[in-house]
Each structure stands twice: as C-alpha cells, then as structure tokens.
Amino acid sequence: MKNYKSLAKGFTLVEIMIVVVIIGLLAAMAIPAFNKVRQASRQKAITNNLRQMASAAQQYMLEQGVNSVGYTDIVGTTTDKYVKSINTVAGEDYTTISISNSTTQISITSTVITVTYNM
C-alpha cells in the first residue's frame, strides 16, 4: 500500500470564517469605545479653550478697568493680546463670545458638542 500524504497545507474555509467573525466582534466592541473617548477628548479641549478665554478676559478686565470684553480684545497675534490663537476641535466658533463681570459661565455650541465652563 502506498501512503499518500496530503499536499494541501493551509487553513480551511471554516477556520477562516471563524477568524473573520471574531475580528468583526472585536471591532463591534472597539468602535463605540473609541467614539466615546474621542467625544470626551473634544469636550476637554473645548473646556480648556473656554478656561483660557475666561482667564484672559478676567486679566484684561482688571488691567483695563472695564466690565466686559469681546473675543477680539483678548485673542490675536499682536503683543497686547492675552491669547495668541484658539484652535477649534469640533467646528466651534469662539468669535461670538462676550464675557462680562457678571458672567458666571461661558457656553459654546459646535456642530458636535455643547460645552459650558463655570468661571
């Protein structure tokens, strides 16, 4: 009797299908977690921008002796400005913000998220 060895080496179709299903399940669990972390990161970046603007506004009001301040008063590239630039992370618009002494919080709404910073 001749002893025939199988010449076909590799994976069967069933083994490949099982691997694909496992990878799909792992991706299905990882994508929502990634989106949650991404959203939290955006919120923290926007809150930090608002905190910087609030701090710069308070310093401007103390030095200039005024009761309110606008975006153009504190943000710019000249040496008399308190913040050089604000980098947006979610399409938010900081140019409409006006801060006064009576303001206790600053809110900003973007296309993705709304963030409020309490001064």
# chains A, B, ... in the order shown; residues from 1 in each chain; ligands from 1
>>> select_by_dssp(residues="region 3-108 of chain A", states="strand (DSSP E or B)", output="number ranges by chain")
A: 68-70, 75, 83, 98-100, 105-108
>>> closest_atom_pairs(of="region 27-71 of chain A", to="region 98-112 of chain A", cutoff="7 Å", atoms="only C-alpha atoms", output="CSV")
residue,atom,partner,partner_atom,distance
A:Leu50,CA,A:Ile106,CA,7.0
A:Ala57,CA,A:Ile99,CA,6.9
A:Asn67,CA,A:Asn101,CA,5.4
A:Ser68,CA,A:Ser100,CA,3.9
A:Val69,CA,A:Ile99,CA,5.3
A:Gly70,CA,A:Ser98,CA,4.5
A:Tyr71,CA,A:Ser98,CA,6.5
>>> residues_around(residues="Ile86 (chain A)", least_positions_apart="6", cutoff="12 Å", atoms="only C-alpha atoms", output="list in words")
Ala45, Ile46, Thr47, Asn48, Asn49, Leu50, Arg51, Gln52, Met53, Tyr71, Thr72, Ile74, Val75, Gly76, Thr77, Glu92, Asp93, Tyr94 and Thr95 of chain A
>>> write_last_selection(atoms="C-alpha atoms", output="short mmCIF file (atom, residue, chain, number, x, y, z; two decimals), in the first residue's frame")
data_model
loop_
_atom_site.label_atom_id
_atom_site.label_comp_id
_atom_site.auth_asym_id
_atom_site.auth_seq_id
_atom_site.Cartn_x
_atom_site.Cartn_y
_atom_site.Cartn_z
CA ALA A 45 -10.21 70.53 24.64
CA ILE A 46 -13.16 72.93 24.31
CA THR A 47 -13.38 73.33 28.09
CA ASN A 48 -9.67 74.17 28.16
CA ASN A 49 -10.17 76.79 25.42
CA LEU A 50 -13.03 78.35 27.39
CA ARG A 51 -10.94 78.33 30.57
CA GLN A 52 -8.12 80.14 28.75
CA MET A 53 -10.53 82.72 27.36
CA TYR A 71 -13.15 87.95 21.53
CA THR A 72 -11.13 90.49 19.54
CA ILE A 74 -8.15 89.15 24.08
CA VAL A 75 -7.30 86.93 21.07
CA GLY A 76 -4.81 87.92 18.39
CA THR A 77 -1.21 87.73 17.26
CA GLU A 92 -16.99 75.67 17.29
CA ASP A 93 -16.95 79.45 16.85
CA TYR A 94 -15.41 81.48 19.66
CA THR A 95 -15.68 84.86 17.92
#
>>> atom_distance(atom1="CA of Val14 (chain A)", atom2="CA of Leu26 (chain A)")
18.6 Å
>>> closest_atom_pairs(of="region 49-113 of chain A", to="region 27-43 of chain A", cutoff="8 Å", atoms="only C-alpha atoms", output="Markdown table")
| residue | atom | partner | partner_atom | distance |
| --- | --- | --- | --- | --- |
| A:Val89 | CA | A:Arg42 | CA | 6.3 |
| A:Ala90 | CA | A:Arg42 | CA | 6.8 |
| A:Ile113 | CA | A:Gln43 | CA | 7.2 |
>>> select_by_dssp(residues="chain A", states="helix (DSSP H, G or I)", output="JSON, numbers by chain")
{"A": [13, 14, 15, 16, 17, 18, 19, 20, 21, 22, 23, 24, 25, 26, 27, 28, 29, 30, 31, 32, 33, 34, 35, 36, 37, 38, 39, 40, 41, 42, 43, 44, 45, 46, 47, 48, 49, 50, 51, 52, 53, 54, 55, 56, 57, 58, 59, 60, 61, 62, 63, 64, 71, 72, 73, 74]}
>>> atom_distance(atom1="CA of Gln58 (chain A)", atom2="CA of Thr79 (chain A)")
17.5 Å
